[in-house]
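Have a look at my_file_10.cif; it's mmCIF, C-alpha atoms:
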```cif
data_work
#
loop_
_atom_site.group_PDB
_atom_site.id
_atom_site.type_symbol
_atom_site.label_atom_id
_atom_site.label_comp_id
_atom_site.auth_asym_id
_atom_site.auth_seq_id
_atom_site.Cartn_x
_atom_site.Cartn_y
_atom_site.Cartn_z
ATOM 1 C CA MET A 1 6.425 8.144 1.093
ATOM 2 C CA LYS A 2 6.124 8.375 -2.687
ATOM 3 C CA LEU A 3 7.773 6.491 -5.509
ATOM 4 C CA LYS A 4 9.496 8.780 -7.964
ATOM 5 C CA GLN A 5 7.734 8.690 -11.290
ATOM 6 C CA GLY A 6 9.747 7.005 -14.016
ATOM 7 C CA SER A 7 11.885 4.952 -11.618
ATOM 8 C CA PHE A 8 12.206 1.183 -12.101
ATOM 9 C CA LEU A 9 9.695 0.344 -9.363
ATOM 10 C CA TRP A 10 7.115 2.565 -11.042
ATOM 11 C CA TYR A 11 6.647 -0.122 -13.713
ATOM 12 C CA LEU A 12 6.240 -3.119 -11.398
ATOM 13 C CA TYR A 13 2.764 -4.500 -10.674
ATOM 14 C CA LEU A 14 1.731 -5.691 -7.214
ATOM 15 C CA ASP A 15 -1.113 -8.198 -7.045
ATOM 16 C CA LYS A 16 -3.925 -6.526 -5.081
ATOM 17 C CA LEU A 17 -5.163 -9.714 -3.450
ATOM 18 C CA TYR A 18 -1.942 -11.308 -2.204
ATOM 19 C CA CYS A 19 0.352 -8.255 -2.404
ATOM 20 C CA LEU A 20 3.078 -10.143 -4.241
ATOM 21 C CA LEU A 21 4.859 -9.610 -7.543
ATOM 22 C CA SER A 22 4.247 -11.776 -10.583
ATOM 23 C CA VAL A 23 6.927 -14.264 -11.641
ATOM 24 C CA ARG A 24 7.875 -12.010 -14.553
ATOM 25 C CA ASN A 25 8.229 -9.011 -12.238
ATOM 26 C CA VAL A 26 10.322 -11.042 -9.772
ATOM 27 C CA LYS A 27 12.690 -12.014 -12.579
ATOM 28 C CA ALA A 28 13.019 -8.354 -13.566
ATOM 29 C CA LEU A 29 13.645 -7.436 -9.920
ATOM 30 C CA VAL A 30 16.371 -10.084 -9.630
ATOM 31 C CA GLU A 31 18.160 -8.592 -12.637
ATOM 32 C CA TYR A 32 17.794 -5.113 -11.149
ATOM 33 C CA PHE A 33 19.234 -6.351 -7.840
ATOM 34 C CA HIS A 34 22.230 -7.808 -9.686
ATOM 35 C CA LEU A 35 22.834 -4.422 -11.340
ATOM 36 C CA LEU A 36 22.811 -2.723 -7.943
ATOM 37 C CA ASP A 37 25.165 -5.360 -6.516
ATOM 38 C CA VAL A 38 28.319 -3.767 -7.950
ATOM 39 C CA HIS A 39 30.558 -5.773 -5.594
ATOM 40 C CA ARG A 40 29.051 -9.075 -6.778
ATOM 41 C CA LYS A 41 28.434 -10.265 -3.223
ATOM 42 C CA LYS A 42 24.720 -10.970 -3.709
ATOM 43 C CA THR A 43 24.057 -8.309 -1.087
ATOM 44 C CA LEU A 44 23.674 -4.545 -0.808
ATOM 45 C CA ASN A 45 25.586 -2.565 1.812
ATOM 46 C CA ASP A 46 24.231 0.605 3.421
ATOM 47 C CA VAL A 47 25.770 2.904 0.766
ATOM 48 C CA LEU A 48 24.287 1.027 -2.184
ATOM 49 C CA PHE A 49 20.997 0.712 -0.315
ATOM 50 C CA TYR A 50 20.873 4.461 0.347
ATOM 51 C CA HIS A 51 21.459 5.379 -3.290
ATOM 52 C CA PHE A 52 18.809 2.894 -4.409
ATOM 53 C CA LEU A 53 16.090 4.239 -2.115
ATOM 54 C CA HIS A 54 17.128 7.838 -2.718
ATOM 55 C CA HIS A 55 16.742 7.224 -6.457
ATOM 56 C CA VAL A 56 13.309 5.542 -6.354
ATOM 57 C CA THR A 57 11.595 7.275 -3.390
ATOM 58 C CA ASP A 58 11.368 10.610 -1.604
ATOM 59 C CA LEU A 59 12.488 9.123 1.732
ATOM 60 C CA LYS A 60 14.911 11.196 3.786
ATOM 61 C CA ARG A 61 18.387 9.982 4.746
ATOM 62 C CA ASN A 62 17.437 9.166 8.350
ATOM 63 C CA GLN A 63 14.372 7.231 7.164
ATOM 64 C CA ILE A 64 16.494 5.216 4.740
ATOM 65 C CA THR A 65 18.892 4.398 7.571
ATOM 66 C CA ILE A 66 15.965 3.246 9.724
ATOM 67 C CA VAL A 67 14.709 0.997 6.914
ATOM 68 C CA PHE A 68 18.153 -0.508 6.354
ATOM 69 C CA ASN A 69 18.554 -1.316 10.053
ATOM 70 C CA MET A 70 15.098 -2.898 10.055
ATOM 71 C CA LEU A 71 15.937 -5.146 7.100
ATOM 72 C CA ASP A 72 19.444 -6.013 8.313
ATOM 73 C CA TRP A 73 18.066 -8.775 10.542
ATOM 74 C CA ASN A 74 21.453 -10.244 11.430
ATOM 75 C CA ALA A 75 23.193 -6.866 11.887
ATOM 76 C CA VAL A 76 25.866 -7.748 9.309
ATOM 77 C CA GLY A 77 25.738 -4.401 7.497
ATOM 78 C CA GLU A 78 24.238 -5.917 4.333
ATOM 79 C CA ILE A 79 20.882 -7.108 3.028
ATOM 80 C CA GLY A 80 20.174 -9.924 0.581
ATOM 81 C CA PHE A 81 17.548 -10.318 -2.116
ATOM 82 C CA ASP A 82 14.883 -11.689 0.257
ATOM 83 C CA GLN A 83 14.915 -8.498 2.318
ATOM 84 C CA PHE A 84 15.132 -6.412 -0.849
ATOM 85 C CA TYR A 85 12.073 -8.158 -2.284
ATOM 86 C CA MET A 86 10.129 -7.592 0.931
ATOM 87 C CA LEU A 87 11.009 -3.900 0.859
ATOM 88 C CA VAL A 88 9.889 -3.502 -2.760
ATOM 89 C CA CYS A 89 6.528 -5.117 -1.953
ATOM 90 C CA ILE A 90 6.092 -2.756 1.025
ATOM 91 C CA LEU A 91 6.876 0.273 -1.149
ATOM 92 C CA LEU A 92 4.462 -0.823 -3.874
ATOM 93 C CA ALA A 93 1.747 -1.605 -1.325
ATOM 94 C CA GLN A 94 1.981 1.903 0.066
ATOM 95 C CA GLU A 95 2.081 3.470 -3.392
ATOM 96 C CA ASN A 96 -1.119 1.581 -4.290
ATOM 97 C CA HIS A 97 -2.827 2.224 -0.917
ATOM 98 C CA LEU A 98 -2.778 -1.480 -0.014
ATOM 99 C CA GLU A 99 -1.095 -1.170 3.386
ATOM 100 C CA GLU A 100 -3.878 -2.950 5.315
ATOM 101 C CA GLN A 101 -4.004 -5.714 2.731
ATOM 102 C CA PHE A 102 -0.230 -6.147 2.832
ATOM 103 C CA ILE A 103 0.008 -6.273 6.629
ATOM 104 C CA PHE A 104 -2.872 -8.772 6.752
ATOM 105 C CA ARG A 105 -1.429 -11.052 4.076
ATOM 106 C CA HIS A 106 2.118 -10.898 5.458
ATOM 107 C CA SER A 107 1.478 -10.422 9.161
ATOM 108 C CA ARG A 108 4.268 -12.787 10.274
ATOM 109 C CA PRO A 109 7.100 -11.181 8.213
ATOM 110 C CA VAL A 110 5.877 -7.692 9.154
ATOM 111 C CA PHE A 111 5.780 -8.659 12.845
ATOM 112 C CA GLU A 112 9.315 -10.022 12.614
ATOM 113 C CA LEU A 113 10.498 -6.818 10.947
ATOM 114 C CA LEU A 114 9.008 -4.720 13.736
ATOM 115 C CA ASP A 115 10.376 -7.008 16.458
ATOM 116 C CA LEU A 116 13.845 -5.461 16.389
ATOM 117 C CA ASP A 117 15.024 -6.972 19.666
ATOM 118 C CA GLY A 118 13.887 -10.498 18.850
ATOM 119 C CA GLU A 119 11.710 -10.641 21.964
ATOM 120 C CA LEU A 120 8.650 -11.851 20.003
ATOM 121 C CA LYS A 121 6.844 -8.691 21.082
ATOM 122 C CA ILE A 122 6.537 -5.201 19.641
ATOM 123 C CA GLY A 123 5.962 -1.950 21.499
ATOM 124 C CA PRO A 124 4.365 1.330 20.435
ATOM 125 C CA ASP A 125 7.763 2.875 19.691
ATOM 126 C CA ASN A 126 8.368 0.278 16.990
ATOM 127 C CA LEU A 127 5.162 1.128 15.180
ATOM 128 C CA HIS A 128 5.744 4.870 15.479
ATOM 129 C CA MET A 129 9.271 4.504 14.131
ATOM 130 C CA TYR A 130 8.211 2.620 10.996
ATOM 131 C CA ASN A 131 4.808 4.162 10.412
ATOM 132 C CA PHE A 132 6.120 6.090 7.381
ATOM 133 C CA LEU A 133 6.364 2.654 5.707
ATOM 134 C CA PHE A 134 3.114 1.050 6.840
ATOM 135 C CA ASN A 135 0.979 4.185 7.118
ATOM 136 C CA ILE A 136 -1.140 3.009 10.054
ATOM 137 C CA LYS A 137 -3.696 5.710 10.829
ATOM 138 C CA LYS A 138 -3.256 7.773 13.994
ATOM 139 C CA GLU A 139 -6.516 6.589 15.525
ATOM 140 C CA GLN A 140 -5.456 2.988 14.881
ATOM 141 C CA LEU A 141 -2.134 3.576 16.631
ATOM 142 C CA ARG A 142 -3.897 5.279 19.524
ATOM 143 C CA ASP A 143 -6.366 2.444 20.058
ATOM 144 C CA LEU A 144 -4.077 -0.410 19.049
ATOM 145 C CA TYR A 145 -2.673 -1.311 22.451
ATOM 146 C CA TYR A 146 -5.894 -0.468 24.274
ATOM 147 C CA ASN A 147 -7.956 -2.834 22.139
ATOM 148 C CA PHE A 148 -5.516 -5.635 21.324
ATOM 149 C CA ASP A 149 -3.057 -5.747 24.223
ATOM 150 C CA ILE A 150 -4.835 -8.694 25.831
ATOM 151 C CA THR A 151 -1.997 -9.459 28.250
ATOM 152 C CA GLY A 152 -1.871 -5.818 29.403
ATOM 153 C CA ASP A 153 1.907 -5.518 29.210
ATOM 154 C CA ARG A 154 1.883 -2.620 26.698
ATOM 155 C CA LEU A 155 3.446 -4.972 24.158
ATOM 156 C CA LEU A 156 1.921 -7.013 21.365
ATOM 157 C CA ASN A 157 2.796 -10.650 20.827
ATOM 158 C CA TYR A 158 2.147 -12.173 17.421
ATOM 159 C CA LYS A 159 -1.375 -13.400 18.207
ATOM 160 C CA GLU A 160 -2.373 -9.923 19.404
ATOM 161 C CA PHE A 161 -0.795 -8.340 16.342
ATOM 162 C CA LYS A 162 -2.609 -10.823 14.090
ATOM 163 C CA LEU A 163 -5.929 -9.850 15.675
ATOM 164 C CA PHE A 164 -5.128 -6.227 14.896
ATOM 165 C CA THR A 165 -4.416 -7.051 11.232
ATOM 166 C CA ILE A 166 -7.708 -8.981 10.928
ATOM 167 C CA PHE A 167 -9.649 -6.111 12.491
ATOM 168 C CA SER A 168 -7.921 -3.553 10.249
ATOM 169 C CA MET A 169 -8.623 -5.665 7.169
ATOM 170 C CA ASP A 170 -12.298 -5.967 8.079
ATOM 171 C CA LYS A 171 -12.559 -2.193 8.458
ATOM 172 C CA TYR A 172 -10.700 -1.685 5.182
ATOM 173 C CA GLN A 173 -13.029 -4.035 3.302
ATOM 174 C CA GLU A 174 -16.071 -2.357 4.845
ATOM 175 C CA SER A 175 -14.823 1.084 3.793
ATOM 176 C CA GLN A 176 -14.155 -0.252 0.280
ATOM 177 C CA LYS A 177 -17.675 -1.652 0.156
ATOM 178 C CA VAL A 178 -19.178 1.683 1.244
ATOM 179 C CA GLU A 179 -17.052 3.551 -1.290
ATOM 180 C CA LYS A 180 -18.137 1.170 -4.042
ATOM 181 C CA GLU A 181 -21.792 1.628 -3.119
ATOM 182 C CA LYS A 182 -21.368 5.401 -3.225
ATOM 183 C CA LYS A 183 -19.766 5.177 -6.669
ATOM 184 C CA ASN A 184 -22.611 2.962 -7.892
ATOM 185 C CA GLU A 185 -25.203 5.381 -6.502
ATOM 186 C CA LYS A 186 -23.418 8.310 -8.134
ATOM 187 C CA ALA A 187 -23.239 6.478 -11.466
ATOM 188 C CA LEU A 188 -26.931 5.575 -11.238
ATOM 189 C CA LEU A 189 -27.838 9.175 -10.438
ATOM 190 C CA GLN A 190 -25.794 10.446 -13.376
ATOM 191 C CA LYS A 191 -27.505 7.911 -15.639
ATOM 192 C CA LYS A 192 -30.961 9.039 -14.491
ATOM 193 C CA VAL A 193 -30.047 12.698 -14.980
ATOM 194 C CA ALA A 194 -28.796 11.900 -18.473
ATOM 195 C CA GLN A 195 -32.034 10.056 -19.255
ATOM 196 C CA VAL A 196 -34.122 12.973 -18.000
ATOM 197 C CA ASN A 197 -32.072 15.443 -20.031
ATOM 198 C CA GLU A 198 -32.409 13.267 -23.128
ATOM 199 C CA SER A 199 -36.154 12.989 -22.571
ATOM 200 C CA GLN A 200 -36.461 16.748 -22.171
ATOM 201 C CA ARG A 201 -34.356 17.281 -25.298
ATOM 202 C CA LYS A 202 -36.558 14.979 -27.351
ATOM 203 C CA SER A 203 -39.685 16.614 -25.950
ATOM 204 C CA LEU A 204 -38.372 20.064 -26.805
ATOM 205 C CA LEU A 205 -37.370 18.889 -30.296
ATOM 206 C CA GLY A 206 -40.841 17.433 -30.832
ATOM 207 C CA THR A 207 -42.465 20.705 -29.746
ATOM 208 C CA LYS A 208 -40.325 22.711 -32.156
ATOM 209 C CA GLN A 209 -41.129 20.351 -35.022
ATOM 210 C CA PHE A 210 -44.843 20.644 -34.262
ATOM 211 C CA GLU A 211 -44.645 24.449 -34.201
ATOM 212 C CA SER A 212 -42.722 24.407 -37.465
ATOM 213 C CA ILE A 213 -45.383 22.269 -39.157
ATOM 214 C CA SER A 214 -48.157 24.454 -37.754
ATOM 215 C CA ASN A 215 -46.533 27.630 -39.044
ATOM 216 C CA TYR A 216 -46.041 26.001 -42.464
ATOM 217 C CA ASN A 217 -49.728 25.036 -42.715
ATOM 218 C CA CYS A 218 -50.717 28.546 -41.843
#
```
Output the structure of this file as structure tokens.
Amino acid sequence: MKLKQGSFLWYLYLDKLYCLLSVRNVKALVEYFHLLDVHRKKTLNDVLFYHFLHHVTDLKRNQITIVFNMLDWNAVGEIGFDQFYMLVCILLAQENHLEEQFIFRHSRPVFELLDLDGELKIGPDNLHMYNFLFNIKKEQLRDLYYNFDITGDRLLNYKEFKLFTIFSMDKYQESQKVEKEKKNEKALLQKKVAQVNESQRKSLLGTKQFESISNYNC
């Protein structure tokens, strides 16, 4: 999923630590929601919702329908601002590659979104269905129920899901740490190469000046 460049969401900033919008951005989002709410019902129906997501993302029609059904918790055919805000944060988290951070910080709301039947458990089909939103890696999906399905019922309750989010966050932070160390090593290497080149340049310049003086004296 990609946000379309130049769309309204493109200019919103998602805090990287808590994966939430600033107060100023929330106010702007409220005004945007009111503009979309052409019927002045403080909700968006499936038609308005489709045109919104079609305008700001590259999601396909069936994916937009899946997202709407996920957010329409009460099956009333409409979503309010709370669900709209949650969706925007999910979209921005994916755009900024903060999926693990978002799921960790908001594990309870995410779990409730995935628990479509209200059984307080989620199965593998739920995660596969919505993976285009949360971008959980294939190897994570493959090992998820093997490693975290403590009860062995092929379903995850909230505690099991929370363990998965903690584990994923730890791996994410470790990968970020390794990537940062590689960048630091690369920067250090480039600095040393630059110093060596500068030293060689000065040495060469000094040699040329010496030869020039020698030729002049001759």
* Asked: Got a sec to check which residues sit within 12 Å of (-0.6, 2.1, -5.8), counting only C-alpha atoms, and write them as a list in words?
  -> Met1, Lys2, Leu3, Gln5, Leu9, Trp10, Tyr11, Leu12, Tyr13, Leu14, Asp15, Lys16, Cys19, Cys89, Ile90, Leu91, Leu92, Ala93, Gln94, Glu95, Asn96, His97, Leu98, Glu99 and Phe102 of chain A
* Interatomic distance (Å, one decimal) between atom CA of Asp143 of chain A and atom CA of Asp125 of chain A -> 14.1 Å
Just need the box for segment 89-102 of chain A, edges along x, y and z, holding every atom the file lists for it with 8 Å tacked onto each side, so centre and edge lengths in Å to one decimal, as AutoDock Vina command-line options.
```
--center_x 1.4 --center_y -1.3 --center_z 0.5 --size_x 26.9 --size_y 25.6 --size_z 25.6
```
Per residue of segment 59-171 of chain A within 12 Å of segment 176-189 of chain A, what are the shortest atom pair and its distance in Å to one decimal, counting all atoms listed in the file, with rows by chain and residue number, as a tab-separated table?
```
residue	atom	partner	partner_atom	distance
A:His97	CA	A:Gln176	CA	11.7
A:Leu98	CA	A:Gln176	CA	11.4
A:Glu100	CA	A:Gln176	CA	11.8
A:Gln101	CA	A:Gln176	CA	11.8
A:Met169	CA	A:Gln176	CA	10.4
A:Asp170	CA	A:Gln176	CA	9.8
A:Lys171	CA	A:Gln176	CA	8.6
```
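For the pair atom CA of Lys4 of chain A and atom CA of Phe49 of chain A, the interatomic distance is 16.0 Å.
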* Name the residues in contact with Phe81 of chain A at a cut-off of 9 Å, using only C-alpha atoms, excluding same-chain residues fewer than 5 positions from it; report them as a list in words. =>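 Final neighbour list, sorted by chain and number: Val30, Phe33, Lys42, Thr43, Leu44 and Met86 of chain A.
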* Asked: If you count all atoms listed in the file, which residues fall within 12 Å of Lys60 of chain A, apart from same-chain ones fewer than 4 positions away, as number ranges by chain?
  -> A: 1-2, 50-51, 53-56, 64-67, 132
Using only C-alpha atoms, please write the residues we just selected to a file, as a compact mmCIF listing (two decimals), keeping the file's coordinate frame.
```
# COMPACT_ATOMS: atom_id res chain seq x y z
CA MET A 1 6.42 8.14 1.09
CA LYS A 2 6.12 8.38 -2.69
CA TYR A 50 20.87 4.46 0.35
CA HIS A 51 21.46 5.38 -3.29
CA LEU A 53 16.09 4.24 -2.12
CA HIS A 54 17.13 7.84 -2.72
CA HIS A 55 16.74 7.22 -6.46
CA VAL A 56 13.31 5.54 -6.35
CA ILE A 64 16.49 5.22 4.74
CA THR A 65 18.89 4.40 7.57
CA ILE A 66 15.96 3.25 9.72
CA VAL A 67 14.71 1.00 6.91
CA PHE A 132 6.12 6.09 7.38
```
* To do: Identify which of the residues A:Arg105, A:Lys202, A:Arg61, A:Arg40 lies closest to Tyr18 of chain A, counting all atoms listed in the file when measuring atom-to-atom distances.
  =>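 That would be A:Arg105, the residue with the smallest distance to Tyr18 of chain A.
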* Asked: Which one of A:Asn157, A:Tyr85, A:Phe148, A:Met70 sits closest to Leu114 of chain A if you count only C-alpha atoms?
  -> A:Met70
* To do: Can you work out the spacing between atom CA of Tyr145 of chain A and atom CA of Leu59 of chain A in Å, to one decimal?
  => 27.7 Å
* Structure fact -> Judged by only C-alpha atoms, the minimum distance to Tyr146 of chain A among A:His39, A:Asn69, A:Lys162, A:Pro124 is found for A:Pro124
* Just the residues within 12 Å of Asn126 of chain A, please, counting only C-alpha atoms, with nothing from its chain fewer than 2 positions along; format it as a list of chain:residue names. => A:Ile66, A:Val67, A:Met70, A:Val110, A:Phe111, A:Glu112, A:Leu113, A:Leu114, A:Asp115, A:Leu116, A:Asp117, A:Lys121, A:Ile122, A:Gly123, A:Pro124, A:His128, A:Met129, A:Tyr130, A:Asn131, A:Phe132, A:Leu133, A:Phe134, A:Leu141, A:Leu155, A:Leu156
* From the list A:Ile79, A:Leu163, A:Ala28, A:Leu127, which residue is nearest Lys41 of chain A when using all atoms listed in the file? ->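 Between A:Ile79, A:Leu163, A:Ala28, A:Leu127, the residue approaching Lys41 of chain A most closely is A:Ile79.
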* Asked: Pick from A:Leu120, A:Leu36, A:Ala75, A:Leu20: nearest to His106 of chain A, with only C-alpha atoms counted?
  -> A:Leu20
Kindly output segment 162-177 of chain A as a PDB file, in the frame of the given file, after building N, CA and C atoms.
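Final file, result.pdb:
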```
ATOM      1  N   LYS A 162      -1.788 -10.198  15.132  1.00  0.00           N
ATOM      2  CA  LYS A 162      -2.609 -10.823  14.090  1.00  0.00           C
ATOM      3  C   LYS A 162      -4.071 -10.400  14.225  1.00  0.00           C
ATOM      4  N   LEU A 163      -4.563 -10.326  15.445  1.00  0.00           N
ATOM      5  CA  LEU A 163      -5.929  -9.850  15.675  1.00  0.00           C
ATOM      6  C   LEU A 163      -6.104  -8.428  15.152  1.00  0.00           C
ATOM      7  N   PHE A 164      -5.091  -7.606  15.395  1.00  0.00           N
ATOM      8  CA  PHE A 164      -5.128  -6.227  14.896  1.00  0.00           C
ATOM      9  C   PHE A 164      -5.197  -6.196  13.367  1.00  0.00           C
ATOM     10  N   THR A 165      -4.412  -7.044  12.701  1.00  0.00           N
ATOM     11  CA  THR A 165      -4.416  -7.051  11.232  1.00  0.00           C
ATOM     12  C   THR A 165      -5.765  -7.518  10.689  1.00  0.00           C
ATOM     13  N   ILE A 166      -6.387  -8.498  11.360  1.00  0.00           N
ATOM     14  CA  ILE A 166      -7.708  -8.981  10.928  1.00  0.00           C
ATOM     15  C   ILE A 166      -8.745  -7.883  11.084  1.00  0.00           C
ATOM     16  N   PHE A 167      -8.711  -7.208  12.229  1.00  0.00           N
ATOM     17  CA  PHE A 167      -9.649  -6.111  12.491  1.00  0.00           C
ATOM     18  C   PHE A 167      -9.460  -4.979  11.478  1.00  0.00           C
ATOM     19  N   SER A 168      -8.218  -4.626  11.208  1.00  0.00           N
ATOM     20  CA  SER A 168      -7.921  -3.553  10.249  1.00  0.00           C
ATOM     21  C   SER A 168      -8.390  -3.930   8.856  1.00  0.00           C
ATOM     22  N   MET A 169      -8.202  -5.203   8.488  1.00  0.00           N
ATOM     23  CA  MET A 169      -8.623  -5.665   7.169  1.00  0.00           C
ATOM     24  C   MET A 169     -10.136  -5.626   7.045  1.00  0.00           C
ATOM     25  N   ASP A 170     -10.833  -6.015   8.100  1.00  0.00           N
ATOM     26  CA  ASP A 170     -12.298  -5.967   8.079  1.00  0.00           C
ATOM     27  C   ASP A 170     -12.786  -4.531   7.879  1.00  0.00           C
ATOM     28  N   LYS A 171     -12.178  -3.597   8.595  1.00  0.00           N
ATOM     29  CA  LYS A 171     -12.559  -2.193   8.458  1.00  0.00           C
ATOM     30  C   LYS A 171     -12.237  -1.686   7.059  1.00  0.00           C
ATOM     31  N   TYR A 172     -11.089  -2.104   6.525  1.00  0.00           N
ATOM     32  CA  TYR A 172     -10.700  -1.685   5.182  1.00  0.00           C
ATOM     33  C   TYR A 172     -11.699  -2.193   4.151  1.00  0.00           C
ATOM     34  N   GLN A 173     -12.080  -3.464   4.249  1.00  0.00           N
ATOM     35  CA  GLN A 173     -13.029  -4.035   3.302  1.00  0.00           C
ATOM     36  C   GLN A 173     -14.394  -3.372   3.421  1.00  0.00           C
ATOM     37  N   GLU A 174     -14.791  -3.042   4.650  1.00  0.00           N
ATOM     38  CA  GLU A 174     -16.071  -2.357   4.845  1.00  0.00           C
ATOM     39  C   GLU A 174     -16.053  -0.972   4.213  1.00  0.00           C
ATOM     40  N   SER A 175     -14.936  -0.250   4.392  1.00  0.00           N
ATOM     41  CA  SER A 175     -14.823   1.084   3.793  1.00  0.00           C
ATOM     42  C   SER A 175     -14.813   1.003   2.273  1.00  0.00           C
ATOM     43  N   GLN A 176     -14.168  -0.046   1.729  1.00  0.00           N
ATOM     44  CA  GLN A 176     -14.155  -0.252   0.280  1.00  0.00           C
ATOM     45  C   GLN A 176     -15.558  -0.547  -0.240  1.00  0.00           C
ATOM     46  N   LYS A 177     -16.310  -1.321   0.536  1.00  0.00           N
ATOM     47  CA  LYS A 177     -17.675  -1.652   0.156  1.00  0.00           C
ATOM     48  C   LYS A 177     -18.548  -0.397   0.142  1.00  0.00           C
TER      49      LYS A 177
END
```
